[in-house]
>>> print(open('model.pdb').read())   # PDB, C-alpha atoms
ATOM      1  CA  MET U   4     -16.262  22.182  27.128
ATOM      2  CA  ASP U   5     -14.968  19.390  29.356
ATOM      3  CA  GLU U   6     -12.111  17.156  28.241
ATOM      4  CA  ILE U   7     -14.262  14.101  27.506
ATOM      5  CA  GLU U   8     -16.554  16.116  25.252
ATOM      6  CA  PHE U   9     -13.534  17.690  23.577
ATOM      7  CA  ARG U  10     -11.956  14.290  22.936
ATOM      8  CA  LYS U  11     -15.237  12.877  21.624
ATOM      9  CA  ARG U  12     -15.574  15.574  19.021
ATOM     10  CA  VAL U  13     -11.918  15.551  18.004
ATOM     11  CA  TYR U  14     -11.626  11.765  17.797
ATOM     12  CA  ALA U  15     -14.823  11.510  15.794
ATOM     13  CA  ASN U  16     -13.395  13.942  13.270
ATOM     14  CA  PRO U  17      -9.820  15.187  13.757
ATOM     15  CA  GLN U  18     -10.283  17.595  10.867
ATOM     16  CA  THR U  19     -13.418  19.058  12.391
ATOM     17  CA  PRO U  20     -14.339  22.586  11.335
ATOM     18  CA  ASP U  21     -16.311  22.903  14.597
ATOM     19  CA  GLN U  22     -15.388  26.391  15.810
ATOM     20  CA  GLU U  23     -16.217  25.556  19.403
ATOM     21  CA  VAL U  24     -13.641  22.756  19.338
ATOM     22  CA  LEU U  25     -11.031  24.929  17.644
ATOM     23  CA  ASP U  26     -11.572  27.742  20.155
ATOM     24  CA  ALA U  27     -11.287  25.297  23.054
ATOM     25  CA  ALA U  28      -7.983  24.050  21.639
ATOM     26  CA  GLY U  29      -6.738  27.594  21.124
ATOM     27  CA  ASN U  30      -7.524  28.514  24.713
ATOM     28  CA  ASN U  31      -6.069  25.439  26.378
ATOM     29  CA  PRO U  32      -2.569  24.059  25.619
ATOM     30  CA  ASP U  33      -3.580  20.602  26.865
ATOM     31  CA  TYR U  34      -6.504  20.517  24.448
ATOM     32  CA  GLN U  35      -4.263  21.782  21.667
ATOM     33  CA  LYS U  36      -1.866  18.916  22.375
ATOM     34  CA  ILE U  37      -4.729  16.406  22.164
ATOM     35  CA  LEU U  38      -5.834  17.902  18.859
ATOM     36  CA  ASP U  39      -2.302  17.861  17.423
ATOM     37  CA  GLN U  40      -1.657  14.265  18.502
ATOM     38  CA  THR U  41      -4.964  13.098  17.097
ATOM     39  CA  GLN U  42      -4.349  14.837  13.795
ATOM     40  CA  GLU U  43      -0.867  13.289  13.592
ATOM     41  CA  LEU U  44      -2.266   9.838  14.230
ATOM     42  CA  ASP U  45      -5.002  10.450  11.707
ATOM     43  CA  THR U  46      -2.482  11.447   9.071
ATOM     44  CA  ASP U  47      -0.696   8.138   9.610
ATOM     45  CA  VAL U  48      -3.929   6.155   9.543
ATOM     46  CA  THR U  49      -5.053   7.882   6.357
ATOM     47  CA  THR U  50      -1.675   7.322   4.726
ATOM     48  CA  MET U  51      -1.626   3.662   5.688
ATOM     49  CA  VAL U  52      -5.115   2.670   4.592
ATOM     50  CA  ASN U  53      -4.788   4.548   1.314
ATOM     51  CA  ASN U  54      -1.332   3.162   0.579
ATOM     52  CA  VAL U  55      -2.744  -0.099  -0.723
ATOM     53  CA  GLU U  56      -1.340  -1.451  -3.927
ATOM     54  CA  VAL U  57      -4.211  -1.405  -6.408
ATOM     55  CA  PRO U  58      -4.078  -4.247  -8.966
ATOM     56  CA  ALA U  59      -2.164  -3.561 -12.116
ATOM     57  CA  GLY U  60      -3.647  -2.540 -15.405
ATOM     58  CA  LEU U  61      -3.117  -3.810 -18.916
ATOM     59  CA  LYS U  62       0.533  -2.836 -19.207
ATOM     60  CA  GLU U  63       1.646  -4.748 -16.120
ATOM     61  CA  LYS U  64      -0.450  -7.798 -17.054
ATOM     62  CA  LEU U  65       1.099  -7.950 -20.508
ATOM     63  CA  LEU U  66       4.607  -7.591 -19.123
ATOM     64  CA  ALA U  67       3.920 -10.406 -16.690
ATOM     65  CA  ALA U  68       2.501 -12.565 -19.495
ATOM     66  CA  LEU U  69       5.576 -11.964 -21.630
ATOM     67  CA  ARG U  70       7.876 -12.889 -18.764
ATOM     68  CA  GLY U  71       5.774 -15.998 -18.208
ATOM     69  CA  GLY U  72       6.391 -17.150 -21.773
ATOM     70  CA  ILE U  73       2.863 -16.600 -23.035
ATOM     71  CA  LYS U  74       2.742 -16.004 -26.775
ATOM     72  CA  THR U  75      -0.814 -14.871 -27.330
ATOM     73  CA  VAL U  76      -3.116 -12.795 -25.183
ATOM     74  CA  LEU U  77      -6.694 -11.721 -25.579
ATOM     75  CA  ILE U  78      -7.560  -8.243 -24.400
ATOM     76  CA  PRO U  79     -10.867  -6.395 -24.248
ATOM     77  CA  LYS U  80     -11.511  -4.473 -27.447
ATOM     78  CA  ASP U  81     -12.120  -1.368 -25.364
ATOM     79  CA  ASN U  82      -8.533  -1.572 -24.126
ATOM     80  CA  GLU U  83      -7.073  -1.548 -27.626
ATOM     81  CA  LYS U  84      -6.383   2.159 -27.270
ATOM     82  CA  ASP U  85      -4.229   1.429 -24.217
ATOM     83  CA  LEU U  86      -1.809  -0.511 -26.416
ATOM     84  CA  ASP U  87      -0.198   2.822 -27.287
ATOM     85  CA  ASP U  88       1.289   2.788 -23.799
ATOM     86  CA  ILE U  89       2.712  -0.715 -24.143
ATOM     87  CA  PRO U  90       6.447  -0.890 -24.914
ATOM     88  CA  ASP U  91       7.236  -2.076 -28.453
ATOM     89  CA  ASN U  92       9.369  -4.981 -27.232
ATOM     90  CA  VAL U  93       6.337  -6.338 -25.400
ATOM     91  CA  LYS U  94       4.084  -5.942 -28.436
ATOM     92  CA  ARG U  95       6.700  -7.581 -30.658
ATOM     93  CA  GLY U  96       7.104 -10.495 -28.267
ATOM     94  CA  MET U  97       3.528 -11.653 -28.306
ATOM     95  CA  GLU U  98       0.369 -11.659 -30.355
ATOM     96  CA  ILE U  99      -2.215  -9.376 -28.790
ATOM     97  CA  ILE U 100      -5.757  -9.981 -29.974
ATOM     98  CA  PRO U 101      -8.515  -7.527 -29.031
ATOM     99  CA  VAL U 102     -11.874  -9.236 -28.536
ATOM    100  CA  SER U 103     -15.298  -7.786 -27.981
ATOM    101  CA  SER U 104     -17.450 -10.776 -27.176
ATOM    102  CA  LEU U 105     -17.334 -14.077 -25.367
ATOM    103  CA  ASP U 106     -17.857 -15.858 -28.708
ATOM    104  CA  GLU U 107     -14.569 -14.392 -29.908
ATOM    105  CA  VAL U 108     -12.814 -15.453 -26.702
ATOM    106  CA  LEU U 109     -14.022 -19.040 -27.121
ATOM    107  CA  GLU U 110     -13.171 -19.058 -30.803
ATOM    108  CA  LYS U 111      -9.574 -18.067 -30.065
ATOM    109  CA  ALA U 112      -9.069 -19.966 -26.830
ATOM    110  CA  LEU U 113     -10.465 -23.399 -27.722
ATOM    111  CA  VAL U 114      -8.520 -25.889 -29.826
ATOM    112  CA  ASN U 115     -11.661 -27.105 -31.624
ATOM    113  CA  PRO U 116     -14.648 -24.948 -32.485
ATOM    114  CA  LEU U 117     -17.792 -25.356 -30.449
ATOM    115  CA  VAL U 118     -20.411 -27.478 -32.223
ATOM    116  CA  PRO U 119     -24.034 -27.120 -31.179
ATOM    117  CA  ILE U 120     -25.625 -30.327 -29.939
ATOM    118  CA  GLU U 121     -29.206 -31.362 -30.433
ATOM    119  CA  TRP U 122     -30.751 -30.951 -27.055
ATOM    120  CA  ILE U 123     -33.682 -33.095 -26.012
ATOM    121  CA  ASP U 124     -35.206 -32.024 -22.748
ATOM    122  CA  PRO U 125     -35.443 -35.018 -20.342
ATOM    123  CA  ALA U 126     -38.822 -33.711 -19.256
ATOM    124  CA  ASP U 127     -40.105 -34.146 -22.811
ATOM    125  CA  ILE U 128     -38.834 -37.741 -22.906
ATOM    126  CA  ALA U 129     -40.452 -38.476 -19.563
ATOM    127  CA  ALA U 130     -43.691 -36.912 -20.701
ATOM    128  CA  GLY U 131     -43.610 -38.992 -23.876
ATOM    129  CA  GLU U 132     -43.099 -42.222 -21.948
ATOM    130  CA  LYS U 133     -45.843 -41.344 -19.528
ATOM    131  CA  GLY U 134     -48.180 -40.608 -22.404
ATOM    132  CA  SER U 135     -47.467 -43.966 -24.045
ATOM    133  CA  ASP U 136     -48.294 -45.785 -20.772
ATOM    134  CA  HIS U 137     -51.877 -44.734 -21.163
ATOM    135  CA  GLY U 138     -52.075 -46.668 -24.395
ATOM    136  CA  VAL U 139     -50.851 -49.963 -22.862
ATOM    137  CA  VAL U 140     -53.532 -52.443 -21.898
ATOM    138  CA  THR U 141     -52.533 -55.178 -19.513
ATOM    139  CA  HIS U 142     -54.269 -58.489 -19.142
TER     140      HIS U 142
ATOM    141  CA  MET W  28       1.308 -23.868 -31.719
ATOM    142  CA  HIS W  29       0.552 -20.740 -29.817
ATOM    143  CA  GLU W  30      -0.572 -20.836 -26.285
ATOM    144  CA  ILE W  31      -3.683 -18.799 -25.858
ATOM    145  CA  ARG W  32      -4.893 -17.374 -22.599
ATOM    146  CA  ALA W  33      -7.828 -15.156 -21.837
ATOM    147  CA  PHE W  34      -6.921 -12.675 -19.166
ATOM    148  CA  ARG W  35      -9.038 -11.459 -16.360
ATOM    149  CA  ILE W  36      -7.688  -7.999 -15.779
ATOM    150  CA  ASN W  37      -8.620  -6.881 -12.322
ATOM    151  CA  SER W  38      -8.764  -3.231 -13.015
ATOM    152  CA  PRO W  39     -11.289  -0.939 -14.596
ATOM    153  CA  SER W  40     -10.559  -2.934 -17.742
ATOM    154  CA  THR W  41     -12.041  -6.035 -16.149
ATOM    155  CA  CYS W  42     -15.291  -4.315 -15.637
ATOM    156  CA  LEU W  43     -15.370  -3.215 -19.244
ATOM    157  CA  PHE W  44     -14.577  -6.722 -20.334
ATOM    158  CA  PHE W  45     -17.518  -8.043 -18.408
ATOM    159  CA  ILE W  46     -19.751  -5.531 -20.073
ATOM    160  CA  SER W  47     -18.952  -7.188 -23.362
ATOM    161  CA  VAL W  48     -19.637 -10.596 -21.889
ATOM    162  CA  CYS W  49     -22.968  -9.476 -20.521
ATOM    163  CA  LYS W  50     -24.028  -8.179 -23.908
ATOM    164  CA  VAL W  51     -23.381 -11.490 -25.534
ATOM    165  CA  MET W  52     -24.688 -13.792 -22.873
ATOM    166  CA  SER W  53     -27.916 -12.227 -21.886
ATOM    167  CA  ASP W  54     -29.134  -9.796 -24.518
ATOM    168  CA  SER W  55     -29.805  -7.855 -21.391
ATOM    169  CA  PRO W  56     -32.409  -5.117 -21.631
ATOM    170  CA  VAL W  57     -30.276  -3.002 -19.304
ATOM    171  CA  ILE W  58     -27.953  -2.089 -22.154
ATOM    172  CA  HIS W  59     -29.198   1.262 -23.301
ATOM    173  CA  GLY W  60     -26.334   2.424 -25.403
ATOM    174  CA  SER W  61     -23.245   4.519 -25.150
ATOM    175  CA  ASN W  62     -24.531   7.006 -22.557
ATOM    176  CA  LYS W  63     -24.809   4.304 -19.977
ATOM    177  CA  LYS W  64     -21.432   2.939 -20.908
ATOM    178  CA  GLN W  65     -19.793   6.361 -20.722
ATOM    179  CA  ARG W  66     -21.386   7.025 -17.371
ATOM    180  CA  TYR W  67     -20.210   3.674 -16.112
ATOM    181  CA  GLU W  68     -16.685   4.135 -17.410
ATOM    182  CA  SER W  69     -16.443   7.520 -15.698
ATOM    183  CA  LEU W  70     -17.653   5.949 -12.497
ATOM    184  CA  VAL W  71     -15.108   3.151 -12.677
ATOM    185  CA  ALA W  72     -12.247   5.454 -13.560
ATOM    186  CA  ALA W  73     -13.038   7.853 -10.734
ATOM    187  CA  LEU W  74     -13.832   5.387  -7.972
ATOM    188  CA  TYR W  75     -12.121   2.088  -8.711
ATOM    189  CA  GLN W  76      -9.096   2.754  -6.523
ATOM    190  CA  ASP W  77     -11.069   3.844  -3.469
ATOM    191  CA  VAL W  78     -13.454   0.929  -3.855
ATOM    192  CA  PHE W  79     -10.552  -1.492  -4.068
ATOM    193  CA  ARG W  80      -8.847  -0.045  -0.987
ATOM    194  CA  TYR W  81     -12.023  -0.276   1.020
ATOM    195  CA  ALA W  82     -12.601  -3.844  -0.192
ATOM    196  CA  PHE W  83      -9.089  -4.789   0.767
ATOM    197  CA  TRP W  84      -9.322  -3.504   4.330
ATOM    198  CA  LEU W  85     -12.802  -4.948   4.639
ATOM    199  CA  CYS W  86     -11.934  -8.525   3.711
ATOM    200  CA  LYS W  87      -8.190  -8.422   4.504
ATOM    201  CA  ASN W  88      -7.296 -10.528   1.507
ATOM    202  CA  LYS W  89      -6.119  -9.249  -1.851
ATOM    203  CA  PRO W  90      -7.539 -11.905  -4.220
ATOM    204  CA  LEU W  91     -10.838 -11.756  -2.365
ATOM    205  CA  ALA W  92     -10.802  -7.984  -2.619
ATOM    206  CA  GLU W  93     -10.283  -8.247  -6.375
ATOM    207  CA  ASP W  94     -13.257 -10.588  -6.688
ATOM    208  CA  LEU W  95     -15.349  -8.359  -4.459
ATOM    209  CA  VAL W  96     -14.575  -5.278  -6.514
ATOM    210  CA  GLN W  97     -15.289  -7.123  -9.735
ATOM    211  CA  GLU W  98     -18.647  -8.325  -8.448
ATOM    212  CA  THR W  99     -19.418  -4.869  -7.087
ATOM    213  CA  PHE W 100     -18.873  -3.187 -10.433
ATOM    214  CA  LEU W 101     -20.766  -5.904 -12.257
ATOM    215  CA  ARG W 102     -23.758  -5.320 -10.004
ATOM    216  CA  ALA W 103     -23.303  -1.583 -10.389
ATOM    217  CA  TRP W 104     -23.490  -1.968 -14.151
ATOM    218  CA  ARG W 105     -26.660  -4.009 -13.930
ATOM    219  CA  SER W 106     -28.421  -1.484 -11.747
ATOM    220  CA  LEU W 107     -26.855   1.746 -12.902
ATOM    221  CA  GLU W 108     -30.315   3.150 -13.655
ATOM    222  CA  SER W 109     -31.081   3.107  -9.943
ATOM    223  CA  LEU W 110     -28.288   5.593  -9.277
ATOM    224  CA  GLN W 111     -30.197   8.862  -9.543
ATOM    225  CA  ASN W 112     -27.405  11.233  -8.610
ATOM    226  CA  ASP W 113     -23.801  10.707  -9.661
ATOM    227  CA  LYS W 114     -22.635  12.625  -6.578
ATOM    228  CA  ALA W 115     -23.931   9.710  -4.525
ATOM    229  CA  ALA W 116     -22.031   7.184  -6.634
ATOM    230  CA  LYS W 117     -19.282   6.536  -4.136
ATOM    231  CA  ALA W 118     -21.647   5.841  -1.240
ATOM    232  CA  TRP W 119     -23.762   3.691  -3.567
ATOM    233  CA  LEU W 120     -20.763   1.607  -4.640
ATOM    234  CA  PHE W 121     -19.486   1.222  -1.092
ATOM    235  CA  THR W 122     -22.935   0.008  -0.055
ATOM    236  CA  ILE W 123     -22.964  -2.571  -2.870
ATOM    237  CA  LEU W 124     -19.495  -3.639  -1.830
ATOM    238  CA  ARG W 125     -20.508  -4.155   1.788
ATOM    239  CA  ARG W 126     -23.456  -6.299   0.682
ATOM    240  CA  GLU W 127     -21.200  -8.341  -1.561
ATOM    241  CA  ASN W 128     -18.803  -8.837   1.318
ATOM    242  CA  ALA W 129     -21.685 -10.000   3.516
ATOM    243  CA  ARG W 130     -22.744 -12.484   0.814
ATOM    244  CA  LEU W 131     -19.192 -13.723   0.641
ATOM    245  CA  TYR W 132     -19.239 -14.301   4.387
ATOM    246  CA  GLU W 133     -22.373 -16.403   3.999
ATOM    247  CA  ARG W 134     -20.841 -18.553   1.263
ATOM    248  CA  TYR W 135     -17.210 -18.877   2.100
ATOM    249  CA  ARG W 136     -14.652 -17.590   4.525
ATOM    250  CA  PRO W 137     -11.055 -18.515   3.907
ATOM    251  CA  GLU W 138      -8.182 -18.273   6.332
ATOM    252  CA  LEU W 139      -7.434 -14.571   6.467
ATOM    253  CA  VAL W 140      -3.732 -14.494   6.903
ATOM    254  CA  ASP W 141      -2.308 -12.618   4.012
ATOM    255  CA  ILE W 142      -3.012  -8.981   4.750
ATOM    256  CA  GLU W 143       0.332  -8.854   6.490
ATOM    257  CA  GLY W 144       2.994  -7.742   4.090
ATOM    258  CA  GLN W 145       0.779  -7.180   1.098
ATOM    259  CA  SER W 146      -1.604  -4.533   2.273
ATOM    260  CA  ILE W 147       0.896  -1.795   2.048
ATOM    261  CA  SER W 148       2.529  -0.769  -1.147
ATOM    262  CA  ASP W 149       6.128  -1.094  -0.049
ATOM    263  CA  ALA W 150       7.944  -1.904  -3.245
ATOM    264  CA  GLY W 151      10.524   0.657  -2.265
ATOM    265  CA  GLU W 152       9.496   3.243  -4.817
ATOM    266  CA  TYR W 153       7.702   5.366  -2.292
ATOM    267  CA  GLU W 154       7.687   4.911   1.415
ATOM    268  CA  PRO W 155       5.605   7.443   3.289
ATOM    269  CA  ASP W 156       6.900   8.829   6.546
ATOM    270  CA  TYR W 157       4.986   7.680   9.575
ATOM    271  CA  LYS W 158       5.081   9.432  12.926
ATOM    272  CA  MET W 159       3.816   6.275  14.631
ATOM    273  CA  ASP W 160       5.336   2.831  14.447
ATOM    274  CA  ARG W 161       4.156   1.486  11.103
ATOM    275  CA  GLU W 162       3.750  -2.157  12.079
ATOM    276  CA  LEU W 163       2.045  -1.339  15.343
ATOM    277  CA  LEU W 164      -0.381   0.964  13.576
ATOM    278  CA  HIS W 165      -1.088  -1.653  10.933
ATOM    279  CA  ASP W 166      -1.819  -4.279  13.565
ATOM    280  CA  ALA W 167      -3.861  -1.870  15.626
ATOM    281  CA  ILE W 168      -6.125  -1.028  12.688
ATOM    282  CA  ASN W 169      -6.559  -4.702  11.885
ATOM    283  CA  ARG W 170      -7.375  -5.554  15.466
ATOM    284  CA  LEU W 171     -10.150  -2.998  15.676
ATOM    285  CA  ASP W 172     -13.551  -4.568  15.941
ATOM    286  CA  SER W 173     -15.371  -4.226  12.611
ATOM    287  CA  ASP W 174     -17.983  -2.007  14.291
ATOM    288  CA  TYR W 175     -15.209   0.543  14.819
ATOM    289  CA  ARG W 176     -12.996  -0.193  11.835
ATOM    290  CA  GLU W 177     -15.705   0.190   9.204
ATOM    291  CA  PRO W 178     -16.755   3.762   9.998
ATOM    292  CA  LEU W 179     -13.099   4.711  10.332
ATOM    293  CA  LEU W 180     -12.291   3.264   6.906
ATOM    294  CA  LEU W 181     -15.308   4.934   5.356
ATOM    295  CA  GLN W 182     -14.144   8.240   6.772
ATOM    296  CA  VAL W 183     -10.472   8.042   5.799
ATOM    297  CA  ILE W 184     -10.812   6.187   2.476
ATOM    298  CA  GLY W 185     -14.170   7.417   1.286
ATOM    299  CA  GLY W 186     -14.003  10.868   2.841
ATOM    300  CA  PHE W 187     -17.599  10.460   3.981
ATOM    301  CA  SER W 188     -19.249  12.641   6.599
ATOM    302  CA  GLY W 189     -20.785  11.114   9.709
ATOM    303  CA  LYS W 190     -24.220  11.430   8.142
ATOM    304  CA  GLU W 191     -23.109   9.670   4.957
ATOM    305  CA  ILE W 192     -21.452   6.895   6.962
ATOM    306  CA  ALA W 193     -24.672   6.529   8.935
ATOM    307  CA  GLY W 194     -26.535   6.057   5.655
ATOM    308  CA  ILE W 195     -24.110   3.433   4.368
ATOM    309  CA  LEU W 196     -24.022   1.481   7.615
ATOM    310  CA  ASP W 197     -27.708   1.965   8.349
ATOM    311  CA  LEU W 198     -26.977   3.517  11.727
ATOM    312  CA  ASN W 199     -27.863   6.844  13.246
ATOM    313  CA  ASN W 200     -25.379   9.693  13.172
ATOM    314  CA  ASN W 201     -24.720   9.664  16.934
ATOM    315  CA  THR W 202     -23.809   5.988  16.845
ATOM    316  CA  VAL W 203     -21.390   6.610  13.999
ATOM    317  CA  MET W 204     -19.718   9.489  15.825
ATOM    318  CA  THR W 205     -19.420   7.371  18.977
ATOM    319  CA  ARG W 206     -17.845   4.524  17.013
ATOM    320  CA  LEU W 207     -15.392   6.879  15.332
ATOM    321  CA  PHE W 208     -14.479   8.239  18.744
ATOM    322  CA  ARG W 209     -13.931   4.750  20.110
ATOM    323  CA  ALA W 210     -11.930   3.638  17.079
ATOM    324  CA  ARG W 211      -9.449   6.489  17.464
ATOM    325  CA  SER W 212      -9.467   6.175  21.200
ATOM    326  CA  LYS W 213      -8.394   2.534  20.903
ATOM    327  CA  LEU W 214      -5.723   3.411  18.354
ATOM    328  CA  LYS W 215      -4.353   6.185  20.547
ATOM    329  CA  HIS W 216      -4.418   3.879  23.527
ATOM    330  CA  GLU W 217      -2.144   1.478  21.621
ATOM    331  CA  PHE W 218       0.416   4.252  21.417
ATOM    332  CA  GLY W 219       0.019   5.386  25.012
ATOM    333  CA  LEU W 220      -1.496   8.655  23.834
ATOM    334  CA  ASP W 221      -4.793   8.341  25.544
ATOM    335  CA  PRO W 222      -6.246   7.661  28.956
ATOM    336  CA  ASP W 223      -8.361   4.530  29.080
ATOM    337  CA  ILE W 224     -11.645   6.069  28.021
ATOM    338  CA  ALA W 225     -12.406   3.947  24.999
ATOM    339  CA  ASP W 226     -15.455   2.354  26.565
ATOM    340  CA  GLU W 227     -17.007   5.504  27.949
TER     341      GLU W 227
END
>>> encode(input="model.pdb", output="structure tokens")
Amino acid sequence: MDEIEFRKRVYANPQTPDQEVLDAAGNNPDYQKILDQTQELDTDVTTMVNNVEVPAGLKEKLLAALRGGIKTVLIPKDNEKDLDDIPDNVKRGMEIIPVSSLDEVLEKALVNPLVPIEWIDPADIAAGEKGSDHGVVTH
Amino acid sequence: MHEIRAFRINSPSTCLFFISVCKVMSDSPVIHGSNKKQRYESLVAALYQDVFRYAFWLCKNKPLAEDLVQETFLRAWRSLESLQNDKAAKAWLFTILRRENARLYERYRPELVDIEGQSISDAGEYEPDYKMDRELLHDAINRLDSDYREPLLLQVIGGFSGKEIAGILDLNNNTVMTRLFRARSKLKHEFGLDPDIADE
């Protein structure tokens, strides 16, 4: 296997199980060095791209809310079980309300309750006016 | 008077929260009961972190990545029935994510300046050892053309094979392997570890 072919296979997958590649590396110190260097680089690349801070969960959000002076928080009902992991001082410092629907969110979050309005479709009004035109006789 | 805030929790919890919202808002026929929900929750729990990491490196912006992941899981919930085999869930989610990212590109593209300093978890609790210069490596990955960066990310974050990457990116396997070769060749070149063969 020539060096270009060796590099192509190793770079495409530094953890390759390809026996032909592994044998070539075993039989040639230069190839072995290429393989080792590539695997080292790949370890760093893998570490770096996977070392991303994933957004916090409920606990961290509640702690941040408490520090921010928020007194009441709404949490998904499904996360109620996660409250066991929340420190008592956090739970004591704020009212935590589990909600399971958007109606509940609006009910808690709005100062005044939502009142349904009577909705008249503009198209109906337009149709009504158009209909009445037919009855008008001009002189 | 209490101050009341509704939280958007950008974690698996968010996705569960939106399930509740969907139920109320749409009376959606896609809600089939607890089996679907359990399946979805397992999916989120198992894959959320990888999906977020991929989203982050894809769009290079943390708030955007959070929105992308949220939208991805929302779409996943809506079309969970189309996922025939749970073993293919990761590739399926990554594909949804890429489409969402493409839609985002069509609608809006902010200044992408904030990957620096926030991509890496460096709060001091755990600092991995790097053989290469950390900053140089970070910059080198970011500078890779997306044609090369994407297959590399799919391989090292998703653990996908060349064939799987080909499926996600809608390319043939040989093209994927060539792009992976070129990606690493360019990275090695940055560190003086490689002859200039990246374009061969």
>>> residues_around(input="model.pdb", residues="stretch 35-37 of chain U", least_positions_apart="5", cutoff="10 Å", atoms="all atoms listed in the file", output="ChimeraX atom specification")
/U:6,9-10,13-14,17,24-30,42-43 /W:220-221
>>> closest_atom_pairs(input="model.pdb", of="chain U", to="chain W", cutoff="7 Å", atoms="all atoms listed in the file", output="tab-separated table")
residue	atom	partner	partner_atom	distance
U:Lys11	CA	W:Phe208	CA	5.5
U:Tyr14	CA	W:Phe208	CA	4.6
U:Ala15	CA	W:Phe208	CA	4.4
U:Asp47	CA	W:Tyr157	CA	5.7
U:Thr49	CA	W:Val183	CA	5.5
U:Asn53	CA	W:Ile184	CA	6.4
U:Asn54	CA	W:Ile147	CA	5.6
U:Val55	CA	W:Ile147	CA	4.9
U:Glu56	CA	W:Ser148	CA	4.8
U:Val57	CA	W:Gln76	CA	6.4
U:Pro58	CA	W:Asn37	CA	6.2
U:Ala59	CA	W:Ser38	CA	6.7
U:Gly60	CA	W:Ser38	CA	5.7
U:Leu61	CA	W:Ile36	CA	6.9
U:Ile73	CA	W:Glu30	CA	6.3
U:Lys74	CA	W:Glu30	CA	5.9
U:Thr75	CA	W:Ile31	CA	5.1
U:Val76	CA	W:Arg32	CA	5.5
U:Leu77	CA	W:Ala33	CA	5.2
U:Ile78	CA	W:Phe34	CA	6.9
U:Pro79	CA	W:Phe44	CA	5.4
U:Asn82	CA	W:Ser40	CA	6.8
U:Ser103	CA	W:Ser47	CA	5.9
U:Ser104	CA	W:Ser47	CA	5.4
U:Leu105	CA	W:Val48	CA	5.4
U:Val108	CA	W:Ala33	CA	7.0
U:Ala112	CA	W:Ile31	CA	5.6
>>> atom_distance(input="model.pdb", atom1="atom CA of W:Lys87", atom2="atom CA of W:Asn169")
8.4 Å
>>> closest_residue(input="model.pdb", among="U:Glu23, U:Asp5, U:Glu132, U:Asp85", to="U:Ile99", atoms="only C-alpha atoms")
U:Asp85
>>> residues_around(input="model.pdb", residues="W:Lys114", least_positions_apart="2", cutoff="12 Å", atoms="all atoms listed in the file", output="count of residues only")
13
